Structure formats: C-alpha cells, structure tokens
>>> print(open('coords-v1.pdb').read())   # PDB, C-alpha atoms, pLDDT in the B column
ATOM      1  CA  MET V   1      32.599 -11.849 -20.849  1.00 45.00           C
ATOM      2  CA  GLU V   2      32.911  -8.100 -21.202  1.00 48.00           C
ATOM      3  CA  GLN V   3      35.715  -6.615 -19.151  1.00 47.00           C
ATOM      4  CA  THR V   4      34.339  -4.220 -16.557  1.00 53.00           C
ATOM      5  CA  GLY V   5      37.558  -3.351 -14.775  1.00 68.00           C
ATOM      6  CA  GLU V   6      37.395   0.286 -15.893  1.00 83.00           C
ATOM      7  CA  LYS V   7      33.839   0.780 -14.691  1.00 92.00           C
ATOM      8  CA  THR V   8      32.599   2.037 -11.340  1.00 96.00           C
ATOM      9  CA  ALA V   9      29.711   0.663  -9.294  1.00 97.00           C
ATOM     10  CA  PHE V  10      27.740   1.360  -6.149  1.00 98.00           C
ATOM     11  CA  VAL V  11      25.686  -0.985  -3.999  1.00 98.00           C
ATOM     12  CA  VAL V  12      22.712   0.197  -1.965  1.00 98.00           C
ATOM     13  CA  GLY V  13      21.504  -2.287   0.597  1.00 95.00           C
ATOM     14  CA  GLY V  14      24.992  -3.588   1.291  1.00 93.00           C
ATOM     15  CA  THR V  15      24.248  -3.969   5.005  1.00 89.00           C
ATOM     16  CA  GLY V  16      21.596  -6.597   4.199  1.00 90.00           C
ATOM     17  CA  GLU V  17      22.290 -10.276   3.646  1.00 89.00           C
ATOM     18  CA  THR V  18      22.269 -10.314  -0.162  1.00 92.00           C
ATOM     19  CA  GLY V  19      23.967  -6.936  -0.435  1.00 93.00           C
ATOM     20  CA  LYS V  20      26.841  -7.998   1.811  1.00 92.00           C
ATOM     21  CA  ILE V  21      27.499 -11.102  -0.272  1.00 93.00           C
ATOM     22  CA  LEU V  22      27.315  -9.019  -3.447  1.00 95.00           C
ATOM     23  CA  LEU V  23      29.839  -6.505  -2.112  1.00 94.00           C
ATOM     24  CA  GLN V  24      32.231  -9.243  -1.052  1.00 92.00           C
ATOM     25  CA  MET V  25      32.079 -10.887  -4.468  1.00 93.00           C
ATOM     26  CA  LEU V  26      32.529  -7.618  -6.336  1.00 94.00           C
ATOM     27  CA  LEU V  27      35.657  -6.882  -4.334  1.00 92.00           C
ATOM     28  CA  GLU V  28      37.033 -10.423  -4.643  1.00 90.00           C
ATOM     29  CA  LYS V  29      36.576 -10.458  -8.416  1.00 87.00           C
ATOM     30  CA  ASN V  30      38.113  -6.987  -8.926  1.00 86.00           C
ATOM     31  CA  ALA V  31      35.494  -6.473 -11.594  1.00 80.00           C
ATOM     32  CA  PHE V  32      35.357  -2.693 -11.122  1.00 92.00           C
ATOM     33  CA  LYS V  33      37.999  -0.063 -10.629  1.00 91.00           C
ATOM     34  CA  GLN V  34      35.844   1.430  -7.868  1.00 94.00           C
ATOM     35  CA  VAL V  35      33.099  -0.096  -5.704  1.00 96.00           C
ATOM     36  CA  ALA V  36      31.128   1.930  -3.176  1.00 97.00           C
ATOM     37  CA  SER V  37      28.643   1.009  -0.491  1.00 97.00           C
ATOM     38  CA  ILE V  38      26.024   3.716  -0.027  1.00 97.00           C
ATOM     39  CA  ALA V  39      24.374   2.922   3.280  1.00 96.00           C
ATOM     40  CA  ARG V  40      22.997   4.279   6.538  1.00 95.00           C
ATOM     41  CA  ARG V  41      25.858   2.774   8.532  1.00 93.00           C
ATOM     42  CA  GLU V  42      29.413   1.628   7.933  1.00 92.00           C
ATOM     43  CA  LEU V  43      30.191  -2.040   7.420  1.00 90.00           C
ATOM     44  CA  GLU V  44      32.519  -3.579   9.965  1.00 87.00           C
ATOM     45  CA  ASN V  45      35.824  -4.258   8.226  1.00 83.00           C
ATOM     46  CA  LYS V  46      36.430  -7.779   9.524  1.00 79.00           C
ATOM     47  CA  ASP V  47      39.662  -9.365   8.274  1.00 77.00           C
ATOM     48  CA  ASN V  48      40.222  -6.271   6.096  1.00 80.00           C
ATOM     49  CA  ALA V  49      37.454  -7.466   3.799  1.00 79.00           C
ATOM     50  CA  TYR V  50      36.468  -3.914   2.876  1.00 85.00           C
ATOM     51  CA  ASN V  51      39.869  -2.250   2.517  1.00 84.00           C
ATOM     52  CA  ASN V  52      39.161  -1.472  -1.135  1.00 87.00           C
ATOM     53  CA  LEU V  53      35.566  -0.433  -0.559  1.00 93.00           C
ATOM     54  CA  GLU V  54      34.464   3.182  -0.504  1.00 94.00           C
ATOM     55  CA  GLN V  55      31.859   3.601   2.211  1.00 95.00           C
ATOM     56  CA  VAL V  56      29.421   6.494   1.864  1.00 97.00           C
ATOM     57  CA  ILE V  57      27.082   7.098   4.797  1.00 97.00           C
ATOM     58  CA  VAL V  58      23.730   8.713   4.036  1.00 97.00           C
ATOM     59  CA  ASN V  59      20.403   9.497   5.655  1.00 97.00           C
ATOM     60  CA  PHE V  60      17.835   7.776   3.446  1.00 97.00           C
ATOM     61  CA  ASP V  61      15.113  10.141   4.605  1.00 97.00           C
ATOM     62  CA  LYS V  62      17.109  13.012   3.102  1.00 97.00           C
ATOM     63  CA  LEU V  63      18.605  11.359   0.013  1.00 97.00           C
ATOM     64  CA  GLU V  64      17.289  13.776  -2.585  1.00 95.00           C
ATOM     65  CA  THR V  65      17.851  16.913  -0.519  1.00 96.00           C
ATOM     66  CA  ASP V  66      21.238  16.166   1.039  1.00 97.00           C
ATOM     67  CA  HIS V  67      22.959  13.287  -0.745  1.00 97.00           C
ATOM     68  CA  ALA V  68      22.677  13.708  -4.511  1.00 97.00           C
ATOM     69  CA  ASP V  69      26.467  13.904  -4.818  1.00 97.00           C
ATOM     70  CA  ALA V  70      26.812  10.430  -3.304  1.00 97.00           C
ATOM     71  CA  PHE V  71      25.413   8.932  -6.505  1.00 98.00           C
ATOM     72  CA  LYS V  72      27.488  10.838  -9.044  1.00 97.00           C
ATOM     73  CA  GLY V  73      30.019   9.154 -11.287  1.00 95.00           C
ATOM     74  CA  TYR V  74      28.979   5.495 -11.235  1.00 97.00           C
ATOM     75  CA  ASP V  75      28.442   3.387 -14.339  1.00 97.00           C
ATOM     76  CA  VAL V  76      26.481   0.625 -12.593  1.00 97.00           C
ATOM     77  CA  GLY V  77      24.123   0.695  -9.638  1.00 98.00           C
ATOM     78  CA  PHE V  78      23.047  -2.362  -7.666  1.00 98.00           C
ATOM     79  CA  CYS V  79      19.965  -1.888  -5.489  1.00 98.00           C
ATOM     80  CA  CYS V  80      19.350  -4.566  -2.846  1.00 96.00           C
ATOM     81  CA  LEU V  81      17.290  -2.435  -0.465  1.00 96.00           C
ATOM     82  CA  GLY V  82      14.415  -4.124   1.276  1.00 92.00           C
ATOM     83  CA  THR V  83      12.648  -4.825   4.548  1.00 90.00           C
ATOM     84  CA  THR V  84       9.453  -6.570   5.648  1.00 85.00           C
ATOM     85  CA  LYS V  85       6.137  -5.417   7.019  1.00 86.00           C
ATOM     86  CA  GLY V  86       6.752  -7.626  10.053  1.00 85.00           C
ATOM     87  CA  LYS V  87       9.989  -5.849  10.846  1.00 88.00           C
ATOM     88  CA  SER V  88       9.164  -2.263   9.884  1.00 91.00           C
ATOM     89  CA  GLY V  89       5.367  -2.066   9.830  1.00 94.00           C
ATOM     90  CA  THR V  90       3.299  -1.183   6.775  1.00 95.00           C
ATOM     91  CA  ASP V  91       4.462   2.426   6.551  1.00 96.00           C
ATOM     92  CA  GLY V  92       8.079   1.466   7.115  1.00 96.00           C
ATOM     93  CA  PHE V  93       7.939  -1.234   4.467  1.00 95.00           C
ATOM     94  CA  ILE V  94       6.517   1.172   1.885  1.00 97.00           C
ATOM     95  CA  LYS V  95       9.098   3.807   2.810  1.00 97.00           C
ATOM     96  CA  VAL V  96      12.055   1.452   2.338  1.00 97.00           C
ATOM     97  CA  ASP V  97      10.905  -0.745  -0.518  1.00 97.00           C
ATOM     98  CA  HIS V  98       9.263   2.019  -2.544  1.00 98.00           C
ATOM     99  CA  ASP V  99      10.276   5.517  -1.479  1.00 98.00           C
ATOM    100  CA  TYR V 100      13.956   4.824  -0.776  1.00 98.00           C
ATOM    101  CA  VAL V 101      14.394   2.608  -3.825  1.00 98.00           C
ATOM    102  CA  MET V 102      12.847   5.160  -6.160  1.00 98.00           C
ATOM    103  CA  ALA V 103      14.932   7.976  -4.669  1.00 98.00           C
ATOM    104  CA  VAL V 104      18.040   5.872  -5.298  1.00 98.00           C
ATOM    105  CA  ALA V 105      16.960   5.172  -8.883  1.00 98.00           C
ATOM    106  CA  ARG V 106      16.327   8.838  -9.668  1.00 98.00           C
ATOM    107  CA  LEU V 107      19.597   9.995  -8.109  1.00 98.00           C
ATOM    108  CA  ALA V 108      21.540   7.226  -9.845  1.00 98.00           C
ATOM    109  CA  LYS V 109      20.163   8.258 -13.232  1.00 98.00           C
ATOM    110  CA  ALA V 110      20.846  11.922 -12.554  1.00 98.00           C
ATOM    111  CA  GLY V 111      24.374  11.027 -11.457  1.00 97.00           C
ATOM    112  CA  GLY V 112      25.203   9.256 -14.709  1.00 97.00           C
ATOM    113  CA  CYS V 113      24.407   5.606 -13.936  1.00 98.00           C
ATOM    114  CA  LYS V 114      23.862   3.696 -17.169  1.00 97.00           C
ATOM    115  CA  HIS V 115      22.989   0.204 -15.907  1.00 98.00           C
ATOM    116  CA  PHE V 116      20.674  -0.176 -12.915  1.00 98.00           C
ATOM    117  CA  VAL V 117      20.305  -3.621 -11.339  1.00 98.00           C
ATOM    118  CA  LEU V 118      17.200  -3.914  -9.170  1.00 98.00           C
ATOM    119  CA  MET V 119      16.521  -6.750  -6.752  1.00 96.00           C
ATOM    120  CA  SER V 120      12.771  -7.301  -6.737  1.00 96.00           C
ATOM    121  CA  SER V 121      10.862 -10.459  -5.804  1.00 93.00           C
ATOM    122  CA  MET V 122       9.060 -13.427  -7.279  1.00 91.00           C
ATOM    123  CA  GLY V 123       5.418 -12.585  -7.903  1.00 92.00           C
ATOM    124  CA  ALA V 124       5.918  -8.816  -8.104  1.00 95.00           C
ATOM    125  CA  ASP V 125       2.756  -7.328  -9.594  1.00 96.00           C
ATOM    126  CA  ALA V 126       1.640  -3.713  -9.427  1.00 97.00           C
ATOM    127  CA  LYS V 127      -1.998  -4.886  -9.601  1.00 97.00           C
ATOM    128  CA  SER V 128      -1.703  -7.452  -6.829  1.00 97.00           C
ATOM    129  CA  GLY V 129      -3.991  -7.333  -3.826  1.00 96.00           C
ATOM    130  CA  MET V 130      -1.049  -8.296  -1.609  1.00 95.00           C
ATOM    131  CA  LEU V 131       0.910  -5.301  -0.353  1.00 96.00           C
ATOM    132  CA  TYR V 132       4.364  -6.884  -0.710  1.00 94.00           C
ATOM    133  CA  LYS V 133       3.870  -7.999  -4.299  1.00 95.00           C
ATOM    134  CA  LYS V 134       2.090  -4.762  -5.196  1.00 97.00           C
ATOM    135  CA  ILE V 135       4.878  -2.496  -3.931  1.00 97.00           C
ATOM    136  CA  LYS V 136       7.548  -4.598  -5.635  1.00 97.00           C
ATOM    137  CA  GLY V 137       5.589  -4.429  -8.880  1.00 98.00           C
ATOM    138  CA  GLN V 138       5.034  -0.687  -8.619  1.00 98.00           C
ATOM    139  CA  VAL V 139       8.767  -0.119  -8.129  1.00 98.00           C
ATOM    140  CA  GLU V 140       9.566  -2.214 -11.190  1.00 98.00           C
ATOM    141  CA  GLU V 141       7.180  -0.177 -13.335  1.00 98.00           C
ATOM    142  CA  GLU V 142       8.402   3.150 -11.981  1.00 98.00           C
ATOM    143  CA  CYS V 143      12.051   2.206 -12.505  1.00 98.00           C
ATOM    144  CA  LYS V 144      11.246   1.562 -16.161  1.00 97.00           C
ATOM    145  CA  GLN V 145      10.138   5.185 -16.437  1.00 98.00           C
ATOM    146  CA  VAL V 146      13.394   6.588 -14.997  1.00 98.00           C
ATOM    147  CA  GLY V 147      15.160   6.121 -18.323  1.00 97.00           C
ATOM    148  CA  PHE V 148      18.273   4.059 -17.666  1.00 97.00           C
ATOM    149  CA  GLU V 149      20.212   2.911 -20.711  1.00 97.00           C
ATOM    150  CA  LYS V 150      19.836  -0.577 -19.243  1.00 97.00           C
ATOM    151  CA  LEU V 151      17.600  -1.872 -16.460  1.00 98.00           C
ATOM    152  CA  SER V 152      17.947  -5.414 -15.115  1.00 98.00           C
ATOM    153  CA  ILE V 153      15.216  -6.566 -12.740  1.00 98.00           C
ATOM    154  CA  PHE V 154      15.876  -9.666 -10.651  1.00 97.00           C
ATOM    155  CA  ARG V 155      12.949 -11.629  -9.235  1.00 95.00           C
ATOM    156  CA  PRO V 156      14.478 -14.359  -7.042  1.00 92.00           C
ATOM    157  CA  GLY V 157      12.368 -16.877  -5.193  1.00 84.00           C
ATOM    158  CA  VAL V 158      12.479 -17.410  -1.445  1.00 78.00           C
ATOM    159  CA  LEU V 159      15.996 -16.416  -0.440  1.00 77.00           C
ATOM    160  CA  LEU V 160      17.989 -19.132   1.256  1.00 72.00           C
ATOM    161  CA  VAL V 161      20.160 -17.488   3.885  1.00 63.00           C
ATOM    162  CA  ASP V 162      21.327 -18.010   7.445  1.00 57.00           C
ATOM    163  CA  ARG V 163      20.547 -14.539   8.726  1.00 47.00           C
ATOM    164  CA  GLU V 164      22.613 -12.815  11.362  1.00 48.00           C
ATOM    165  CA  GLU V 165      19.316 -11.290  12.443  1.00 47.00           C
ATOM    166  CA  ARG V 166      16.860 -14.066  13.309  1.00 46.00           C
ATOM    167  CA  ARG V 167      13.247 -13.550  12.286  1.00 46.00           C
ATOM    168  CA  ALA V 168      10.377 -15.377  13.931  1.00 45.00           C
ATOM    169  CA  GLY V 169       9.345 -18.517  12.057  1.00 43.00           C
ATOM    170  CA  GLU V 170      12.038 -18.296   9.390  1.00 47.00           C
ATOM    171  CA  GLY V 171      14.059 -21.229  10.712  1.00 51.00           C
ATOM    172  CA  VAL V 172      11.064 -23.578  10.509  1.00 48.00           C
ATOM    173  CA  PHE V 173      10.108 -22.231   7.080  1.00 47.00           C
ATOM    174  CA  ARG V 174      13.606 -22.729   5.671  1.00 53.00           C
ATOM    175  CA  PHE V 175      13.712 -26.244   7.105  1.00 55.00           C
ATOM    176  CA  MET V 176      10.444 -27.082   5.376  1.00 55.00           C
ATOM    177  CA  LEU V 177      11.789 -25.730   2.075  1.00 51.00           C
ATOM    178  CA  LYS V 178      14.989 -27.784   2.121  1.00 56.00           C
ATOM    179  CA  PRO V 179      13.536 -30.857   0.373  1.00 54.00           C
ATOM    180  CA  VAL V 180      11.842 -28.625  -2.201  1.00 50.00           C
ATOM    181  CA  ALA V 181      15.093 -26.785  -2.882  1.00 52.00           C
ATOM    182  CA  TRP V 182      16.934 -30.084  -3.214  1.00 50.00           C
ATOM    183  CA  MET V 183      14.450 -31.741  -5.593  1.00 55.00           C
ATOM    184  CA  PHE V 184      13.393 -28.631  -7.544  1.00 46.00           C
ATOM    185  CA  PRO V 185      16.172 -26.043  -7.071  1.00 57.00           C
ATOM    186  CA  THR V 186      14.797 -23.523  -9.562  1.00 54.00           C
ATOM    187  CA  LEU V 187      11.163 -23.746  -8.469  1.00 49.00           C
ATOM    188  CA  ILE V 188      10.713 -21.296  -5.580  1.00 58.00           C
ATOM    189  CA  THR V 189      14.062 -20.929  -3.780  1.00 68.00           C
ATOM    190  CA  THR V 190      17.287 -19.058  -4.489  1.00 80.00           C
ATOM    191  CA  PRO V 191      20.486 -19.013  -2.416  1.00 86.00           C
ATOM    192  CA  ILE V 192      21.642 -15.435  -1.888  1.00 89.00           C
ATOM    193  CA  GLU V 193      25.091 -16.338  -3.244  1.00 92.00           C
ATOM    194  CA  MET V 194      23.427 -17.334  -6.495  1.00 90.00           C
ATOM    195  CA  VAL V 195      21.634 -13.987  -6.737  1.00 94.00           C
ATOM    196  CA  ALA V 196      24.917 -12.132  -6.236  1.00 94.00           C
ATOM    197  CA  VAL V 197      26.791 -14.186  -8.841  1.00 94.00           C
ATOM    198  CA  ALA V 198      23.964 -13.760 -11.345  1.00 95.00           C
ATOM    199  CA  MET V 199      23.932  -9.990 -10.840  1.00 96.00           C
ATOM    200  CA  ILE V 200      27.665  -9.756 -11.469  1.00 95.00           C
ATOM    201  CA  ASN V 201      27.463 -12.008 -14.516  1.00 94.00           C
ATOM    202  CA  ASN V 202      24.599  -9.904 -15.825  1.00 95.00           C
ATOM    203  CA  VAL V 203      26.758  -6.779 -15.696  1.00 94.00           C
ATOM    204  CA  GLN V 204      29.878  -8.444 -17.055  1.00 90.00           C
ATOM    205  CA  SER V 205      28.056 -10.049 -19.960  1.00 84.00           C
ATOM    206  CA  PRO V 206      25.113  -7.760 -20.698  1.00 81.00           C
ATOM    207  CA  SER V 207      22.387  -8.641 -23.176  1.00 86.00           C
ATOM    208  CA  ASN V 208      21.376  -6.242 -25.933  1.00 88.00           C
ATOM    209  CA  GLN V 209      18.033  -5.547 -24.225  1.00 91.00           C
ATOM    210  CA  SER V 210      17.488  -2.174 -22.609  1.00 95.00           C
ATOM    211  CA  GLU V 211      15.091  -3.781 -20.114  1.00 96.00           C
ATOM    212  CA  GLU V 212      15.228  -7.344 -18.886  1.00 96.00           C
ATOM    213  CA  LEU V 213      13.344  -9.337 -16.292  1.00 96.00           C
ATOM    214  CA  LEU V 214      15.154 -12.288 -14.740  1.00 95.00           C
ATOM    215  CA  CYS V 215      12.932 -14.701 -12.854  1.00 92.00           C
ATOM    216  CA  ASN V 216      14.069 -17.515 -10.597  1.00 90.00           C
ATOM    217  CA  LYS V 217      15.058 -20.025 -13.271  1.00 89.00           C
ATOM    218  CA  GLU V 218      16.938 -17.384 -15.277  1.00 92.00           C
ATOM    219  CA  ILE V 219      18.814 -16.328 -12.141  1.00 93.00           C
ATOM    220  CA  HIS V 220      19.892 -19.914 -11.488  1.00 89.00           C
ATOM    221  CA  ASN V 221      21.008 -20.305 -15.091  1.00 90.00           C
ATOM    222  CA  LEU V 222      22.869 -17.000 -15.172  1.00 93.00           C
ATOM    223  CA  ALA V 223      24.699 -17.837 -11.948  1.00 90.00           C
ATOM    224  CA  THR V 224      26.229 -20.921 -13.574  1.00 87.00           C
ATOM    225  CA  VAL V 225      27.697 -19.031 -16.539  1.00 74.00           C
ATOM    226  CA  LYS V 226      31.492 -19.166 -16.487  1.00 65.00           C
TER
END
>>> encode(input="coords-v1.pdb", output="structure tokens")
Amino acid sequence: MEQTGEKTAFVVGGTGETGKILLQMLLEKNAFKQVASIARRELENKDNAYNNLEQVIVNFDKLETDHADAFKGYDVGFCCLGTTKGKSGTDGFIKVDHDYVMAVARLAKAGGCKHFVLMSSMGADAKSGMLYKKIKGQVEEECKQVGFEKLSIFRPGVLLVDREERRAGEGVFRFMLKPVAWMFPTLITTPIEMVAVAMINNVQSPSNQSEELLCNKEIHNLATVK
C-alpha cells in the first residue's frame, strides 16, 4: 500500500458513530502526520484516545463566512456528516446532509484537499422520489462538480452499530437484520468498523480513477485488503 505518513487529513462528522470509529482507526494506524476533527463540539478525550488529534470547533451555519481557514492545508478529507429526518426534521436533514456537506466540499477544495472521501448511502439517486435517497444522490452529483483530483463515494448498506444515542425502533430493526447479515453479509448491511477500514484502505491504496463509487459489496471487499 502507498505510504501516507507524510499526508494530512481531516474528518468531518467525527462526533457521529462512523466518524468516531474512523478517527480512532486513523490515529491508531498513524497513517497521517496530522489528523484533525472539524466539528461543532469537542470529542471527550477518554483514556487519552485523542491526544494526537487536532480538534477544530466550528459553527456549521457559518462555515463559508467564518471558518474557511479550518479547511486549509489538508491532503485528504473524510466527510461522514449525516442526520435523519426523524431526528432533525425535513429542513434539518436537508441542511446537514446537503448544505453542510457541500459547504465542506467547497472549502476543502479551496483549501487544497486533493482526495475527498464522501460517505453517502445505498440507493442514493438524485432522481428518486424519496427525500433521503434524493438528497444523497444530489450531493454525490454536486461533489463531482467541485473538481477534486480524486473523489471516492462510499454507499454502505444499513449500518450495523450499537448507538450511544438510541433511536426509536432501531433495536428491533437491527435484531431483524441479524440473520440477513449473517447469511448474506454483503447484501444490505455494513458494520461501521468495516466502512472505516475501507475508507482508510481506499486512501492508502488509491485506484487510478479520479472518481469512484464503492457500493456495499466493494466496501466489504476493500475492508478485507491487507
């Protein structure tokens, strides 16, 4: 794999479940000479897990007016931002999953980011009649227009995670998916640890494609690369 120890990276969405795992793995692997979390709040440094992490606190509603400097000087950007309509309402979902993500992408490009890694979702489709899939698809298409040297879009299936924040119905849903995940692991489910490993492997061993779309099966396969 390509050595990335001289590169710098930021993670947006590091306070979420997948983002936290990604940050932990990036720091454990020492894959970058500098790793930053750009977030709305600071991560609690339990057991000194984030001693080597630069934490940059921003107001996402004022990213492009007040925080352009926060995105300068990084080679790689990982974007794991996301919420749900159930948690944030329709307007809040669009603001986070579209407006914030696109502001991050534009600022990252302007700041010198060469490789942008976007966490999207299975079924993303800008022409979909379903809001969630439509917004995810629109963001994918708009990120392609930003002009990164390399854009990697990840479309994991249903994320398998024991959330710190419990959401109504999720426990039952995950329980129902367990036999499916066991019999057909690459069909519709993806453990968040697998997403994080695949993202890191993608950066450490990049393809020669300027744009790539990694669906659930590709994510599973990439996560097993040594």
>>> closest_residue(input="coords-v1.pdb", among="V:Met130, V:Gly111, V:Leu43, V:Asp99", to="Asp69 in chain V", atoms="only C-alpha atoms")
V:Gly111
>>> resolve_selection(input="coords-v1.pdb", expression="the PyMOL selection byres ((chain V and resi 141-153) around 10)", output="ChimeraX atom specification")
/V:76-79,98,101-102,105-110,112-121,125-126,135-140,154-156,199,202-203,206-215
>>> closest_residue(input="coords-v1.pdb", among="V:Glu44, V:Ala103, V:Leu81, V:Met122", to="Ala68 in chain V", atoms="only C-alpha atoms")
V:Ala103
>>> atom_distance(input="coords-v1.pdb", atom1="CA of Gly129 in chain V", atom2="CA of Glu17 in chain V")
27.5 Å
>>> residues_around(input="coords-v1.pdb", residues="range 190-197 of chain V", least_positions_apart="4", cutoff="9 Å", atoms="all atoms listed in the file", output="ChimeraX atom specification")
/V:17-19,21-23,25-26,119,154,156-161,181,185-186,201-202,216,219-220,222-224
>>> closest_residue(input="coords-v1.pdb", among="V:Glu64, V:Tyr132, V:Glu28, V:Leu53", to="Asp91 in chain V", atoms="all atoms listed in the file")
V:Tyr132
>>> atom_distance(input="coords-v1.pdb", atom1="CA of Asn59 in chain V", atom2="CA of Ile38 in chain V")
9.9 Å
>>> atom_distance(input="coords-v1.pdb", atom1="CA of Tyr50 in chain V", atom2="CA of Ala70 in chain V")
18.4 Å
>>> residues_near_point(input="coords-v1.pdb", point="(33.8, -1.9, -3.6)", cutoff="8 Å", atoms="only C-alpha atoms", output="ChimeraX atom specification")
/V:9-10,23-24,26-27,32,34-37,50,52-54
>>> write_last_selection(input="coords-v1.pdb", atoms="C-alpha atoms", output="short mmCIF file (atom, residue, chain, number, x, y, z; two decimals), in the coordinates of the input")
data_model
loop_
_atom_site.label_atom_id
_atom_site.label_comp_id
_atom_site.auth_asym_id
_atom_site.auth_seq_id
_atom_site.Cartn_x
_atom_site.Cartn_y
_atom_site.Cartn_z
CA ALA V 9 29.71 0.66 -9.29
CA PHE V 10 27.74 1.36 -6.15
CA LEU V 23 29.84 -6.50 -2.11
CA GLN V 24 32.23 -9.24 -1.05
CA LEU V 26 32.53 -7.62 -6.34
CA LEU V 27 35.66 -6.88 -4.33
CA PHE V 32 35.36 -2.69 -11.12
CA GLN V 34 35.84 1.43 -7.87
CA VAL V 35 33.10 -0.10 -5.70
CA ALA V 36 31.13 1.93 -3.18
CA SER V 37 28.64 1.01 -0.49
CA TYR V 50 36.47 -3.91 2.88
CA ASN V 52 39.16 -1.47 -1.14
CA LEU V 53 35.57 -0.43 -0.56
CA GLU V 54 34.46 3.18 -0.50
#
>>> axis_aligned_box(input="coords-v1.pdb", around="range 152-156 of chain V", padding_each_side="6 Å", output="lines of an AutoDock Vina configuration file")
center_x = 15.4
center_y = -9.9
center_z = -11.1
size_x = 17.0
size_y = 20.9
size_z = 20.1
>>> build_atoms(input="coords-v1.pdb", residues="range 87-104 of chain V", atoms="N, CA and C atoms", output="tab-separated table (two decimals), in the coordinates of the input")
chain	number	residue	atom	x	y	z
V	87	LYS	N	8.89	-6.53	10.17
V	87	LYS	CA	9.99	-5.85	10.85
V	87	LYS	C	9.75	-4.35	10.98
V	88	SER	N	9.23	-3.73	9.92
V	88	SER	CA	9.16	-2.26	9.88
V	88	SER	C	7.75	-1.69	9.91
V	89	GLY	N	6.73	-2.56	9.91
V	89	GLY	CA	5.37	-2.07	9.83
V	89	GLY	C	5.01	-1.71	8.39
V	90	THR	N	3.74	-1.48	8.14
V	90	THR	CA	3.30	-1.18	6.78
V	90	THR	C	3.94	0.08	6.23
V	91	ASP	N	3.90	1.16	7.01
V	91	ASP	CA	4.46	2.43	6.55
V	91	ASP	C	5.97	2.31	6.33
V	92	GLY	N	6.64	1.63	7.24
V	92	GLY	CA	8.08	1.47	7.12
V	92	GLY	C	8.45	0.64	5.91
V	93	PHE	N	7.69	-0.41	5.65
V	93	PHE	CA	7.94	-1.23	4.47
V	93	PHE	C	7.79	-0.42	3.19
V	94	ILE	N	6.73	0.35	3.08
V	94	ILE	CA	6.52	1.17	1.88
V	94	ILE	C	7.63	2.21	1.74
V	95	LYS	N	8.04	2.80	2.86
V	95	LYS	CA	9.10	3.81	2.81
V	95	LYS	C	10.40	3.22	2.26
V	96	VAL	N	10.79	2.05	2.77
V	96	VAL	CA	12.06	1.45	2.34
V	96	VAL	C	11.95	0.88	0.94
V	97	ASP	N	10.97	0.02	0.73
V	97	ASP	CA	10.90	-0.74	-0.52
V	97	ASP	C	10.37	0.05	-1.70
V	98	HIS	N	9.70	1.16	-1.44
V	98	HIS	CA	9.26	2.02	-2.54
V	98	HIS	C	9.98	3.36	-2.54
V	99	ASP	N	9.78	4.14	-1.48
V	99	ASP	CA	10.28	5.52	-1.48
V	99	ASP	C	11.80	5.58	-1.58
V	100	TYR	N	12.49	4.80	-0.75
V	100	TYR	CA	13.96	4.82	-0.78
V	100	TYR	C	14.49	4.30	-2.11
V	101	VAL	N	13.91	3.20	-2.57
V	101	VAL	CA	14.39	2.61	-3.82
V	101	VAL	C	14.22	3.58	-4.98
V	102	MET	N	13.08	4.24	-5.05
V	102	MET	CA	12.85	5.16	-6.16
V	102	MET	C	13.73	6.40	-6.05
V	103	ALA	N	14.00	6.86	-4.83
V	103	ALA	CA	14.93	7.98	-4.67
V	103	ALA	C	16.32	7.58	-5.16
V	104	VAL	N	16.75	6.37	-4.82
V	104	VAL	CA	18.04	5.87	-5.30
V	104	VAL	C	18.06	5.82	-6.82
